[in-house]
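Enquirer: Okay, so here is my_file-v1.cif, and as you'll see once you scroll down, it has mmCIF, C-alpha atoms and all ligand atoms.
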data_query
#
loop_
_atom_site.label_atom_id
_atom_site.label_comp_id
_atom_site.auth_asym_id
_atom_site.auth_seq_id
_atom_site.Cartn_x
_atom_site.Cartn_y
_atom_site.Cartn_z
CA MET A 1 -21.33 13.24 42.82
CA THR A 2 -22.46 13.56 39.25
CA THR A 3 -20.28 11.66 36.88
CA THR A 4 -19.85 13.34 33.55
CA THR A 5 -18.04 12.06 30.55
CA GLU A 6 -15.46 14.82 31.12
CA THR A 7 -14.51 13.17 34.43
CA TYR A 8 -13.02 10.35 32.42
CA GLY A 9 -11.63 12.62 29.72
CA VAL A 10 -14.02 11.13 27.17
CA ASP A 11 -15.20 13.67 24.64
CA PRO A 12 -18.84 12.87 23.75
CA THR A 13 -18.29 14.24 20.24
CA PRO A 14 -16.43 11.71 18.09
CA SER A 15 -13.19 13.13 16.67
CA PRO A 16 -12.85 13.58 12.89
CA LEU A 17 -10.36 10.69 12.91
CA ALA A 18 -12.83 8.41 14.72
CA LEU A 19 -15.53 9.30 12.21
CA LEU A 20 -13.14 8.74 9.37
CA LEU A 21 -12.18 5.33 10.65
CA LEU A 22 -15.86 4.53 10.93
CA GLY A 23 -16.21 5.47 7.28
CA ARG A 24 -18.63 8.28 8.01
CA GLU A 25 -16.70 11.49 7.47
CA ALA A 26 -14.57 13.37 5.00
CA ASP A 27 -10.96 14.42 5.34
CA PRO A 28 -9.98 16.57 2.38
CA ASN A 29 -6.31 16.47 3.48
CA SER A 30 -6.12 12.72 3.40
CA GLU A 31 -5.82 10.33 0.49
CA ARG A 32 -8.35 8.30 2.44
CA GLY A 33 -11.10 10.55 1.14
CA VAL A 34 -14.75 10.80 1.85
CA GLU A 35 -17.97 9.53 3.34
CA CYS A 36 -19.37 6.03 3.30
CA PRO A 37 -23.09 6.56 2.75
CA GLY A 38 -25.84 4.03 3.31
CA ASP A 39 -26.62 1.49 5.96
CA LEU A 40 -24.29 -1.44 6.27
CA PRO A 41 -25.61 -4.90 7.07
CA ALA A 42 -24.88 -5.94 10.64
CA ALA A 43 -21.67 -7.93 11.08
CA SER A 44 -23.75 -10.46 13.05
CA ASP A 45 -26.09 -11.16 10.11
CA PRO A 46 -25.80 -14.96 9.62
CA ASP A 47 -26.73 -14.58 5.94
CA LEU A 48 -23.82 -12.38 4.92
CA VAL A 49 -21.99 -15.10 3.00
CA ALA A 50 -25.16 -16.14 1.16
CA ARG A 51 -25.99 -12.49 0.42
CA ALA A 52 -22.50 -11.84 -1.00
CA ARG A 53 -22.76 -14.99 -3.16
CA ALA A 54 -26.21 -14.08 -4.44
CA ALA A 55 -25.26 -10.50 -5.33
CA LYS A 56 -22.06 -11.62 -7.05
CA GLU A 57 -23.93 -14.26 -9.02
CA LYS A 58 -26.55 -11.75 -10.10
CA LEU A 59 -23.85 -9.39 -11.36
CA GLY A 60 -21.97 -12.16 -13.22
CA ASP A 61 -19.23 -10.91 -15.59
CA ARG A 62 -20.29 -7.31 -15.02
CA VAL A 63 -18.28 -7.29 -11.82
CA PHE A 64 -14.63 -8.17 -11.21
CA ILE A 65 -13.41 -8.37 -7.62
CA LEU A 66 -9.75 -7.75 -6.85
CA GLY A 67 -8.32 -8.70 -3.45
CA HIS A 68 -4.97 -7.57 -2.05
CA HIS A 69 -3.02 -10.16 -0.07
CA TYR A 70 -3.57 -8.20 3.16
CA GLN A 71 -7.35 -8.49 3.01
CA ARG A 72 -9.37 -10.50 5.52
CA ASP A 73 -10.16 -14.17 4.74
CA GLU A 74 -13.90 -13.37 4.60
CA VAL A 75 -13.22 -10.92 1.75
CA ILE A 76 -10.52 -12.91 -0.07
CA GLU A 77 -13.08 -15.72 -0.38
CA PHE A 78 -15.00 -13.57 -2.88
CA ALA A 79 -12.05 -12.21 -4.86
CA ASP A 80 -11.79 -13.22 -8.53
CA VAL A 81 -8.05 -12.60 -8.31
CA THR A 82 -5.68 -11.93 -5.45
CA GLY A 83 -2.26 -10.33 -5.66
CA ASP A 84 0.22 -7.71 -4.56
CA SER A 85 -0.25 -4.16 -5.74
CA PHE A 86 1.72 -4.74 -8.97
CA LYS A 87 -0.23 -7.82 -9.98
CA LEU A 88 -3.56 -6.18 -9.12
CA ALA A 89 -2.71 -3.11 -11.22
CA ARG A 90 -2.04 -5.38 -14.19
CA ASP A 91 -5.11 -7.53 -13.52
CA ALA A 92 -7.38 -4.48 -13.32
CA ALA A 93 -6.16 -3.34 -16.74
CA ALA A 94 -6.71 -6.82 -18.21
CA ARG A 95 -10.50 -6.98 -17.68
CA PRO A 96 -12.01 -4.45 -20.10
CA GLU A 97 -15.34 -6.31 -20.22
CA ALA A 98 -16.16 -5.83 -16.53
CA GLU A 99 -18.35 -2.78 -15.91
CA TYR A 100 -17.45 -2.61 -12.24
CA ILE A 101 -14.11 -3.28 -10.59
CA VAL A 102 -14.67 -3.82 -6.86
CA PHE A 103 -11.30 -3.14 -5.27
CA CYS A 104 -10.74 -4.89 -1.96
CA GLY A 105 -7.59 -3.07 -0.97
CA VAL A 106 -6.84 0.54 -0.13
CA HIS A 107 -7.61 3.88 -1.73
CA PHE A 108 -4.36 4.40 -3.70
CA MET A 109 -4.79 0.96 -5.30
CA ALA A 110 -8.33 1.78 -6.38
CA GLU A 111 -7.11 5.08 -7.84
CA SER A 112 -4.47 3.24 -9.85
CA ALA A 113 -7.12 0.80 -11.08
CA ASP A 114 -9.28 3.74 -12.20
CA ILE A 115 -6.32 5.25 -14.07
CA LEU A 116 -5.51 1.95 -15.80
CA THR A 117 -9.06 0.94 -16.73
CA SER A 118 -11.26 2.31 -19.50
CA GLU A 119 -13.63 5.28 -19.23
CA ARG A 120 -16.56 2.85 -19.35
CA GLN A 121 -15.47 1.00 -16.20
CA GLN A 122 -16.13 2.16 -12.66
CA VAL A 123 -13.92 1.32 -9.71
CA VAL A 124 -15.64 0.80 -6.36
CA LEU A 125 -13.86 0.83 -2.97
CA PRO A 126 -16.24 -0.86 -0.49
CA ASP A 127 -15.15 1.44 2.38
CA LEU A 128 -13.77 4.87 1.59
CA ALA A 129 -12.01 4.98 4.95
CA ALA A 130 -9.64 2.28 3.67
CA GLY A 131 -6.66 4.54 3.08
CA CYS A 132 -2.94 4.17 3.71
CA SER A 133 -1.03 6.11 6.33
CA MET A 134 2.14 5.85 4.26
CA ALA A 135 0.48 7.40 1.20
CA ASP A 136 -0.78 10.22 3.44
CA MET A 137 2.82 11.04 4.41
CA ALA A 138 3.47 12.75 1.05
CA THR A 139 1.00 15.43 -0.04
CA ALA A 140 1.06 17.20 -3.41
CA GLU A 141 1.95 20.53 -1.74
CA GLN A 142 4.85 19.03 0.21
CA VAL A 143 6.24 17.31 -2.88
CA ALA A 144 5.96 20.49 -4.99
CA GLU A 145 7.84 22.33 -2.24
CA CYS A 146 10.52 19.63 -2.21
CA TRP A 147 11.00 20.02 -5.97
CA ASP A 148 11.53 23.77 -5.43
CA VAL A 149 14.20 22.93 -2.85
CA LEU A 150 15.91 20.62 -5.36
CA THR A 151 15.64 23.32 -8.02
CA ASP A 152 17.24 25.91 -5.72
CA ALA A 153 20.04 23.45 -4.94
CA GLY A 154 20.60 23.05 -8.70
CA VAL A 155 19.84 19.32 -8.75
CA ALA A 156 16.26 19.07 -10.03
CA ASP A 157 17.43 18.76 -13.67
CA VAL A 158 19.43 15.62 -12.92
CA THR A 159 16.89 14.06 -10.51
CA VAL A 160 14.32 11.46 -11.57
CA PRO A 161 11.34 10.87 -9.27
CA VAL A 162 10.48 7.25 -8.51
CA SER A 163 7.27 6.86 -6.53
CA TYR A 164 6.10 3.75 -4.78
CA MET A 165 2.67 2.54 -5.82
CA ASN A 166 1.62 3.38 -2.24
CA SER A 167 1.07 7.05 -3.03
CA SER A 168 -1.89 9.22 -4.04
CA ALA A 169 -2.78 9.84 -7.69
CA ASP A 170 -1.48 13.42 -7.25
CA ILE A 171 1.98 12.14 -6.36
CA LYS A 172 1.89 9.72 -9.28
CA ALA A 173 0.96 12.65 -11.56
CA PHE A 174 3.87 14.71 -10.18
CA THR A 175 6.12 11.73 -10.97
CA GLY A 176 4.82 11.41 -14.52
CA LYS A 177 5.13 15.15 -15.15
CA HIS A 178 8.79 15.10 -14.14
CA GLY A 179 9.76 12.11 -16.27
CA GLY A 180 9.69 9.52 -13.49
CA THR A 181 8.17 6.13 -12.93
CA ILE A 182 6.08 4.27 -10.37
CA CYS A 183 7.44 1.13 -8.74
CA THR A 184 6.12 -1.56 -6.43
CA SER A 185 7.95 -3.73 -3.96
CA SER A 186 8.37 -6.39 -6.65
CA ASN A 187 10.04 -4.18 -9.28
CA ALA A 188 11.80 -1.44 -7.28
CA LYS A 189 15.27 -2.53 -8.43
CA ARG A 190 14.30 -2.44 -12.11
CA ALA A 191 12.64 0.94 -11.64
CA LEU A 192 15.75 2.38 -9.99
CA GLU A 193 18.03 0.95 -12.70
CA TRP A 194 15.82 2.62 -15.30
CA ALA A 195 15.81 5.90 -13.37
CA PHE A 196 19.61 5.98 -13.07
CA GLU A 197 19.82 5.56 -16.87
CA GLN A 198 17.71 8.74 -17.22
CA GLY A 199 19.44 10.91 -14.61
CA GLN A 200 22.04 11.07 -11.87
CA LYS A 201 19.86 11.09 -8.75
CA VAL A 202 16.55 9.69 -7.62
CA LEU A 203 13.91 11.32 -5.46
CA PHE A 204 12.22 8.26 -3.91
CA LEU A 205 8.67 8.73 -2.55
CA PRO A 206 7.16 8.09 -0.05
CA ASP A 207 8.67 4.97 1.60
CA GLN A 208 12.21 5.64 2.82
CA HIS A 209 12.70 1.96 3.71
CA LEU A 210 11.90 0.47 0.31
CA GLY A 211 14.11 3.13 -1.30
CA ARG A 212 17.04 2.59 1.06
CA ASN A 213 16.80 -1.20 1.11
CA THR A 214 16.69 -1.44 -2.68
CA ALA A 215 19.49 1.06 -3.28
CA VAL A 216 21.85 -0.36 -0.66
CA LEU A 217 21.09 -4.08 -0.69
CA GLU A 218 20.31 -4.58 -4.37
CA MET A 219 22.09 -1.82 -6.27
CA GLY A 220 25.37 -1.51 -4.39
CA PHE A 221 24.95 2.05 -3.09
CA ALA A 222 26.36 2.98 0.32
CA LEU A 223 24.14 4.21 3.13
CA GLU A 224 25.97 7.56 2.83
CA ASP A 225 24.69 7.88 -0.76
CA CYS A 226 21.17 8.24 0.70
CA VAL A 227 19.82 11.37 2.41
CA LEU A 228 16.47 11.72 4.15
CA TYR A 229 14.17 14.58 3.10
CA ASN A 230 11.90 15.57 6.00
CA PRO A 231 8.88 17.51 4.64
CA HIS A 232 8.27 18.97 8.09
CA LYS A 233 11.64 20.78 8.21
CA PRO A 234 12.74 23.84 6.22
CA ASN A 235 14.50 22.66 3.03
CA GLY A 236 13.73 19.11 4.08
CA GLY A 237 16.37 19.44 6.82
CA LEU A 238 19.12 19.18 4.18
CA THR A 239 21.78 21.55 2.87
CA ALA A 240 22.28 22.17 -0.85
CA GLU A 241 25.64 20.40 -0.52
CA GLN A 242 24.03 17.29 0.97
CA LEU A 243 21.53 17.24 -1.89
CA ARG A 244 24.30 17.65 -4.45
CA ASP A 245 26.34 14.80 -2.93
CA ALA A 246 23.42 12.36 -2.58
CA LYS A 247 22.46 9.67 -5.07
CA MET A 248 19.16 8.76 -3.40
CA ILE A 249 16.96 11.45 -1.87
CA LEU A 250 14.57 9.46 0.30
CA TRP A 251 11.23 10.89 1.41
CA ARG A 252 10.67 10.54 5.14
CA GLY A 253 7.66 8.19 4.96
CA HIS A 254 7.13 4.67 6.23
CA CYS A 255 4.52 1.94 6.62
CA SER A 256 2.97 1.93 10.07
CA VAL A 257 2.70 -1.88 10.00
CA HIS A 258 6.09 -2.97 8.58
CA GLY A 259 7.92 -0.09 10.28
CA ARG A 260 7.17 -1.63 13.67
CA PHE A 261 9.27 -4.77 13.24
CA ASN A 262 12.66 -4.30 14.88
CA LEU A 263 15.95 -6.08 15.45
CA ASP A 264 14.67 -7.53 18.74
CA SER A 265 11.86 -9.27 16.81
CA VAL A 266 14.48 -11.01 14.63
CA ASN A 267 16.80 -11.92 17.52
CA GLU A 268 13.95 -13.17 19.66
CA VAL A 269 12.52 -15.47 16.97
CA ARG A 270 15.96 -16.88 16.14
CA GLU A 271 16.44 -17.77 19.79
CA ARG A 272 12.94 -19.21 20.13
CA ILE A 273 12.99 -21.26 16.90
CA PRO A 274 16.46 -22.58 16.06
CA GLY A 275 16.99 -22.93 12.30
CA VAL A 276 14.18 -20.52 11.44
CA ASN A 277 14.27 -18.64 8.10
CA VAL A 278 13.43 -14.98 8.58
CA LEU A 279 11.62 -13.58 5.54
CA VAL A 280 10.53 -9.93 5.52
CA HIS A 281 8.91 -7.34 3.27
CA PRO A 282 11.19 -4.52 1.98
CA GLU A 283 9.00 -1.91 3.72
CA CYS A 284 10.70 -3.06 6.95
CA ARG A 285 13.52 -0.99 8.44
CA HIS A 286 17.03 -1.41 7.07
CA GLU A 287 18.39 -3.14 10.19
CA VAL A 288 15.53 -5.68 10.07
CA VAL A 289 16.01 -6.43 6.37
CA THR A 290 19.78 -6.73 6.88
CA ALA A 291 19.30 -9.21 9.73
CA ALA A 292 16.74 -11.28 7.78
CA ASP A 293 17.56 -14.27 5.56
CA GLN A 294 15.36 -13.17 2.68
CA VAL A 295 13.46 -10.06 1.63
CA GLY A 296 10.65 -9.72 -0.91
CA SER A 297 7.23 -8.41 -1.86
CA THR A 298 4.06 -10.20 -0.80
CA GLU A 299 4.05 -12.21 -4.07
CA TYR A 300 7.68 -13.21 -3.41
CA ILE A 301 6.84 -14.29 0.14
CA ILE A 302 3.99 -16.49 -1.09
CA LYS A 303 6.19 -18.14 -3.74
CA ALA A 304 9.04 -18.70 -1.25
CA LEU A 305 6.66 -20.54 1.07
CA ASP A 306 5.28 -22.62 -1.82
CA ALA A 307 8.80 -23.68 -2.75
CA ALA A 308 9.97 -24.33 0.82
CA GLU A 309 10.89 -27.83 2.02
CA PRO A 310 8.35 -29.64 4.24
CA GLY A 311 9.49 -29.33 7.86
CA SER A 312 11.22 -25.98 7.28
CA LYS A 313 10.59 -23.12 9.70
CA TRP A 314 9.65 -19.58 8.73
CA ALA A 315 9.18 -16.29 10.57
CA ILE A 316 7.43 -13.81 8.30
CA GLY A 317 7.62 -10.04 8.65
CA THR A 318 4.58 -8.71 6.86
CA GLU A 319 0.88 -8.09 7.49
CA LEU A 320 -0.90 -10.56 9.75
CA ASN A 321 -3.84 -11.59 7.51
CA LEU A 322 -1.37 -12.88 4.91
CA VAL A 323 0.87 -14.63 7.45
CA ARG A 324 -2.12 -16.40 8.99
CA ARG A 325 -3.28 -17.61 5.58
CA LEU A 326 0.23 -18.84 4.76
CA ALA A 327 0.38 -20.76 8.04
CA LYS A 328 -2.96 -22.37 7.23
CA ALA A 329 -1.94 -23.20 3.64
CA HIS A 330 1.32 -24.88 4.75
CA PRO A 331 0.53 -27.23 7.64
CA ASP A 332 3.68 -29.22 6.76
CA LYS A 333 5.89 -26.19 7.56
CA GLU A 334 6.21 -24.12 10.69
CA VAL A 335 5.09 -20.58 9.79
CA VAL A 336 5.04 -17.89 12.48
CA PHE A 337 4.58 -14.15 12.62
CA LEU A 338 7.88 -12.31 13.13
CA ASP A 339 6.71 -10.22 16.06
CA ARG A 340 4.37 -10.79 18.97
CA THR A 341 2.82 -7.31 18.91
CA VAL A 342 2.74 -6.09 15.30
CA CYS A 343 -0.69 -6.73 13.84
CA PHE A 344 -3.12 -6.17 10.99
CA CYS A 345 -3.09 -3.15 8.71
CA SER A 346 -6.10 -1.40 10.22
CA THR A 347 -7.08 0.38 7.02
CA MET A 348 -6.83 -2.78 4.88
CA ASN A 349 -9.05 -4.37 7.52
CA ARG A 350 -11.69 -1.67 6.96
CA ILE A 351 -12.93 -3.76 4.04
CA ASP A 352 -14.95 -6.46 5.76
CA LEU A 353 -17.79 -8.69 4.68
CA PRO A 354 -20.56 -6.19 5.60
CA HIS A 355 -18.92 -3.51 3.40
CA LEU A 356 -18.42 -6.00 0.56
CA VAL A 357 -22.04 -7.19 0.77
CA TRP A 358 -23.25 -3.58 0.85
CA ALA A 359 -21.16 -2.70 -2.24
CA LEU A 360 -22.23 -5.79 -4.22
CA GLU A 361 -25.93 -5.50 -3.32
CA SER A 362 -25.89 -1.81 -4.24
CA LEU A 363 -24.41 -2.67 -7.65
CA ALA A 364 -26.92 -5.48 -8.15
CA GLU A 365 -29.73 -2.99 -7.42
CA GLY A 366 -28.35 -0.52 -9.98
CA ARG A 367 -26.66 1.94 -7.59
CA VAL A 368 -22.91 2.43 -7.92
CA PRO A 369 -21.47 3.28 -4.48
CA ASN A 370 -18.08 4.69 -3.48
CA VAL A 371 -16.80 5.27 -7.01
CA ILE A 372 -13.12 6.22 -7.13
CA THR A 373 -12.50 8.74 -9.88
CA VAL A 374 -9.27 10.48 -10.73
CA ASP A 375 -9.68 13.75 -12.65
CA ALA A 376 -8.54 13.81 -16.30
CA GLU A 377 -5.46 16.06 -15.84
CA THR A 378 -4.14 14.04 -12.88
CA GLU A 379 -4.93 10.81 -14.71
CA LYS A 380 -2.98 11.83 -17.82
CA TYR A 381 0.32 12.33 -15.95
CA ALA A 382 -0.22 9.56 -13.39
CA LYS A 383 -0.89 7.14 -16.27
CA ALA A 384 2.36 8.17 -17.96
CA ALA A 385 4.23 7.17 -14.77
CA LEU A 386 2.26 3.94 -14.36
CA ASP A 387 2.73 3.02 -18.03
CA ARG A 388 6.49 3.49 -17.61
CA MET A 389 6.37 1.01 -14.76
CA LEU A 390 4.31 -1.50 -16.73
CA ALA A 391 6.81 -1.24 -19.62
CA LEU A 392 9.86 -1.91 -17.44
CA PRO A 393 11.79 -4.98 -18.67
P1 LIG A 401 2.91 -5.10 -2.07
O1 LIG A 401 1.52 -5.43 -2.39
O2 LIG A 401 3.59 -4.37 -3.22
O3 LIG A 401 3.75 -6.20 -1.56
O4 LIG A 401 2.90 -3.94 -0.94
C1 LIG A 401 2.56 -4.17 0.34
C2 LIG A 401 1.72 -3.11 0.89
O5 LIG A 401 2.00 -2.56 1.92
C3 LIG A 401 0.52 -2.78 0.21
O6 LIG A 401 -0.12 -1.79 0.90
FE1 LIG A 402 -0.25 1.33 3.84
FE2 LIG A 402 1.35 -0.26 5.26
FE3 LIG A 402 -1.27 -0.69 5.27
FE4 LIG A 402 0.18 -1.18 3.06
S1 LIG A 402 0.33 -2.23 5.01
S2 LIG A 402 -1.80 -0.13 3.17
S3 LIG A 402 1.71 0.48 3.19
S4 LIG A 402 -0.22 1.15 6.06
#
In structure tokens, what does this structure look like?

Expert:
Amino acid sequence: MTTTTETYGVDPTPSPLALLLLGREADPNSERGVECPGDLPAASDPDLVARARAAKEKLGDRVFILGHHYQRDEVIEFADVTGDSFKLARDAAARPEAEYIVFCGVHFMAESADILTSERQQVVLPDLAAGCSMADMATAEQVAECWDVLTDAGVADVTVPVSYMNSSADIKAFTGKHGGTICTSSNAKRALEWAFEQGQKVLFLPDQHLGRNTAVLEMGFALEDCVLYNPHKPNGGLTAEQLRDAKMILWRGHCSVHGRFNLDSVNEVRERIPGVNVLVHPECRHEVVTAADQVGSTEYIIKALDAAEPGSKWAIGTELNLVRRLAKAHPDKEVVFLDRTVCFCSTMNRIDLPHLVWALESLAEGRVPNVITVDAETEKYAKAALDRMLALP
């Protein structure tokens, strides 16, 4: 019998998604973007660390490397600064002398860095397949359609859009155009307070969990004040009356990493480690955040661990690279991952040492790879929304 690949249901042609994840294809419908040209050094190359060091040294002050807290250790080692998305947005804007900003994070973060940096500076994303599934859950067309639905229901005039940093530049531009602001997980409450001073309702994009958790747990709204707009249903699956009664119109998006923690994870860890403090990111589901002891952005989580008593026990509900680093940095405390199965953010993990070496060596040789550029019109409105966030008290 001849065995063909079909026998095993294996298609010999890689799918567009597989190619995208390999950084070798374009998806015009995704904020993840386009091809990753050039040959990468082999991951097994024993000289990768030395090569990264040499290229970085050669570039000197011309390059500034930003590393998000969810990046791999091998990449964080070369970051000039590390931070959450809010801190990195500010840090990018504070380095006007660097010609190249190498962003070790995901696509929407690099876009924001391009918007906030000068014309003269170029932002490089070492692997263009490093996108964010949450950001992809709100497209410009879907959001424009949603605004039409709000207009037909007679509520658009009193609604202020607040968009999470984890969104494409198009969504940020929509937000700026309609008088709204961007927020991150470390300033969502302040952003919502500001928005409710400007209007009567908020359209919160694209993370339903951050929106709900902030409104209910920090601002005193009831769960019934929040409705969920599903872009895949006619009129978002909501009636005009529901839209008129709501305070928070939450977009039906979520993080594929944080959204996987559940109540069982919390109960199981409490049983396994008596006295444990459960600390989770606000992108987790409402029931997880409610059952936790503390909730906060990645920067908050890091500070909480720094301030914790020696001997204290912590179960952390956020991305695994960060939790592992925290466990290593605090050998005097017991630090565990909240769930046994939830793992790395696969797109954050796209940026590895071979991609970083490739990007730095290309720059050192005078080629600028994987430049992230936001067009002028989008930039103008997206910057208005980002500037509103940066000016929040
Ligand atoms: P922060 O960096 O705002 O904590 O967000 C976490 C995240 O999911 C980034 O992609
Ligand atoms: Fe997106 Fe979640 Fe990954 Fe952050 S952790 S980049 S929100 S998928």

Enquirer: Considering only C-alpha atoms, return as an MDAnalysis selection string whatever protein or nucleic-acid residues lie within 12 Å of Asp306 of chain A, sequence-local ones (same chain, fewer than 3 positions apart) excluded.

Expert: chainID A and resid 299:303 309:310 312 314 326:327 329:333 335

Enquirer: What's around Val123 of chain A at 9 Å? Count all atoms listed in the file, leave out sequence neighbours fewer than 4 positions away in its own chain, and write the answer as a PyMOL selection string.

Expert: chain A and resi 99-103+110-111+113-114+117+370-373

Enquirer: How would you report the residues lying within 7 Å of ligand LIG 402 (chain A), as number ranges by chain, if you count all atoms listed in the file?

Expert: A: 106, 131-135, 166, 255-258, 319, 345-348

Enquirer: Name the residues, by chain letter and number, that sit within 6 Å of ligand LIG 401 (chain A) using only C-alpha atoms and all ligand atoms, and give them as a ChimeraX atom specification.

Expert: /A:84-85,184-185,297-298

Enquirer: Just the number, please: distance in Å from atom CA of Asp148 of chain A to atom CA of Met219 of chain A, one decimal.

Expert: 27.7 Å

Enquirer: Interatomic distance between atom CA of Leu40 of chain A and atom CA of Pro369 of chain A?

Expert: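 Separation of atom CA of Leu40 of chain A and atom CA of Pro369 of chain A: 12.1 Å.
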
Enquirer: From the options A:Ile249, A:Ile171, A:Val342, A:Ala315, which residue's atoms come nearest to Asn262 of chain A, counting only C-alpha atoms?

Expert: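 Among the listed residues, the smallest separation from Asn262 of chain A belongs to A:Val342.
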
Enquirer: Excluding His355 of chain A and any residue of its chain fewer than 5 positions from it, enumerate the residues within 8 Å of it, using only C-alpha atoms, and give them as a PyMOL selection string.

Expert: chain A and resi 40-41+126-127

Enquirer: Go ahead and save the residues from that selection, with C-alpha atoms, as a compact mmCIF listing (two decimals), in the coordinates of the input.

Expert:
# COMPACT_ATOMS: atom_id res chain seq x y z
CA LEU A 40 -24.29 -1.44 6.27
CA PRO A 41 -25.61 -4.90 7.07
CA PRO A 126 -16.24 -0.86 -0.49
CA ASP A 127 -15.15 1.44 2.38

Enquirer: Measuring atom to atom with all atoms listed in the file, identify which of A:Glu365, A:Asp80, A:Glu145, A:Asp339 is nearest to Asn235 of chain A.

Expert: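 Nearest candidate to Asn235 of chain A out of A:Glu365, A:Asp80, A:Glu145, A:Asp339: A:Glu145.
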